[in-house]
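Engineer: Here it is, the structure, as structure tokens.
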Amino acid sequence: GRRRKLAAPPAEKERAAEAAAAAVAAAPPQAQPQYPPAQHTQSGREFAIGAPEAGSEGPEHLDGPGGAVEVTGGSGQVPLPADDELPPEPLDNPRRLLVWPEPDVSTQQALTDRGYRPVIVHSREEVDAQIAAYPAALFVDPLTGPITRTALQSLRQAAVAAEVPVLVTAGLGLASREAAYGADPAVLLKALAPRDSEQHPPRVLLVEEHTAIAEAMAATLGRRGMQTAHAPSDAEAVQLAAQIRPNLVVMDLMQVRRRRAGIIDWLRANGMLNRTPFVVYTSASIDHAELPGLASGETVLFLAERSTSPEVQARIVDLLAKIGAN
């Protein structure tokens, strides 16, 4: 029944227009909207919106009078958006640790407790496939199976090419030539040691407190074409490393400084940790009374399985945490 009034008669329109004009003329002059002072912001672009004109009805366009006005800094430059590019694969928590071969039960538990996720690798291709996850290190711990020189060299080359630190463990034994059942230490170390060129022999930094062991090790490495520099402690190894720039570091596990700066920290500070393999050995089974026999040739050094005592396990995990700190 009710009808909507769509328009006023012409006479009413004229009277309404005159009344509106008289009201505008009688009103005080409208001040222009005041905007806050310009402030340079690093979070993006800033805008201010003024109040609508008096007598206007309804909303106004943001780009019209009284609309949005950009507030800029003194230079008028808009900061560029930050680079939010993500790595190819998020870092793991726990962090991946490339291992060969499969760790024994106690070593697996020690690594897991320390926040590592062991990933077994058997070839260079498997190492390459894990690089996008930024593994902490390549840990070669031949307790549950032997490793050939070819396999060791291939794993080392893949890790060094990917800038992943390499840690190899071993046990060092002492016996007569007839009773020695392990391999010559130089066989393992030559497969691990990179060289500057074919004309330059690998430089090995040996950290060993017993002079007899150090001299016997240097002699066996020299027969395989490697140069050896001997330091009796981790602290002295830092000074010697600055002189020779080693291609390989070999040391008694008990000589590694776990809470203070040592050779590992020097290698990292000089950008060499990712391309300098690190070999630690345990020599708990060596009878020091037989050390004089090394000079006469009555006894020889050989590689065997490392010790698995709780102290050794803790030291190895601490060493891995120190190597993979970056």
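Labels for the structure tokens follow display order: chains A, B, ..., residues from 1 in each chain, ligands from 1.
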Among segment 221-293 of chain A, which residues does DSSP mark as strand (DSSP E) when it is run on the backbone? Keep the chain and numbering as in the structure and answer as a list in words.
Structural biologist: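 In segment 221-293 of chain A, DSSP puts these residues in strand (DSSP E): Gln227, Thr228, Ala229, His230, Ala231, Leu248, Val249, Val250, Met251, Asp252, Phe278, Val279, Val280, Tyr281 and Thr282 of chain A.
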Engineer: Please produce a file of those selected residues containing C-alpha atoms, as a PDB file, in the first residue's frame.
Structural biologist:
```pdb
ATOM      1  CA  GLN A 227     104.999 -34.887   5.081  1.00  0.00           C
ATOM      2  CA  THR A 228     104.382 -34.860   8.848  1.00  0.00           C
ATOM      3  CA  ALA A 229     104.630 -32.000  11.330  1.00  0.00           C
ATOM      4  CA  HIS A 230     104.447 -32.994  15.005  1.00  0.00           C
ATOM      5  CA  ALA A 231     102.887 -31.027  17.866  1.00  0.00           C
ATOM      6  CA  LEU A 248      95.000 -33.471   7.198  1.00  0.00           C
ATOM      7  CA  VAL A 249      94.926 -33.375  11.016  1.00  0.00           C
ATOM      8  CA  VAL A 250      95.588 -36.563  13.012  1.00  0.00           C
ATOM      9  CA  MET A 251      95.553 -36.605  16.799  1.00  0.00           C
ATOM     10  CA  ASP A 252      94.994 -38.642  19.909  1.00  0.00           C
ATOM     11  CA  PHE A 278      90.082 -34.719  10.924  1.00  0.00           C
ATOM     12  CA  VAL A 279      91.210 -38.117  12.262  1.00  0.00           C
ATOM     13  CA  VAL A 280      91.146 -39.003  15.950  1.00  0.00           C
ATOM     14  CA  TYR A 281      92.399 -42.269  17.378  1.00  0.00           C
ATOM     15  CA  THR A 282      92.340 -43.985  20.756  1.00  0.00           C
TER      16      THR A 282
END
```
Engineer: Residues of segment 154-299 of chain A in alpha helix (DSSP H) according to DSSP, as a PyMOL selection string?
Structural biologist: chain A and resi 154-161+185-192+211-223+234-244+263-269+292-296
Engineer: Point out the residue among A:Val140, A:Ala261, A:Ala325, A:Val160 with the least atom-to-atom distance to Val119 of chain A, counting only C-alpha atoms.
Structural biologist: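 Checking each of A:Val140, A:Ala261, A:Ala325, A:Val160 against Val119 of chain A, counting only C-alpha atoms, the winner is A:Val140.
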Engineer: Residues of segment 118-181 of chain A within 10 Å of segment 188-193 of chain A: nearest atom pair and distance (Å, one decimal) for each, counting only C-alpha atoms, sorted by chain and number, as a Markdown table?
Structural biologist:
```
| residue | atom | partner | partner_atom | distance |
| --- | --- | --- | --- | --- |
| A:Ile147 | CA | A:Leu188 | CA | 9.4 |
| A:Thr148 | CA | A:Leu188 | CA | 8.6 |
| A:Arg149 | CA | A:Ala191 | CA | 5.7 |
| A:Thr150 | CA | A:Ala191 | CA | 7.4 |
| A:Ala151 | CA | A:Ala191 | CA | 9.1 |
| A:Leu152 | CA | A:Ala191 | CA | 6.7 |
| A:Gln153 | CA | A:Ala191 | CA | 5.2 |
| A:Ser154 | CA | A:Ala191 | CA | 9.0 |
| A:Leu155 | CA | A:Leu192 | CA | 9.2 |
| A:Arg156 | CA | A:Leu192 | CA | 6.6 |
| A:Gln157 | CA | A:Leu192 | CA | 8.6 |
| A:Val166 | CA | A:Leu192 | CA | 9.5 |
| A:Val168 | CA | A:Leu192 | CA | 9.1 |
| A:Ala170 | CA | A:Leu188 | CA | 9.7 |
```
Engineer: Hey, can you check how far atom CA of Ala133 of chain A sits from atom CA of Pro146 of chain A?
Structural biologist: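 For atom CA of Ala133 of chain A relative to atom CA of Pro146 of chain A, the distance reads 27.2 Å.
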Engineer: Smallest atom-to-atom distance to Val204 of chain A: which of A:Arg306, A:Ala216, A:Ile244, A:Ala183, using only C-alpha atoms?
Structural biologist: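 Once distances to Val204 of chain A are computed over only C-alpha atoms, the minimum belongs to A:Ile244.
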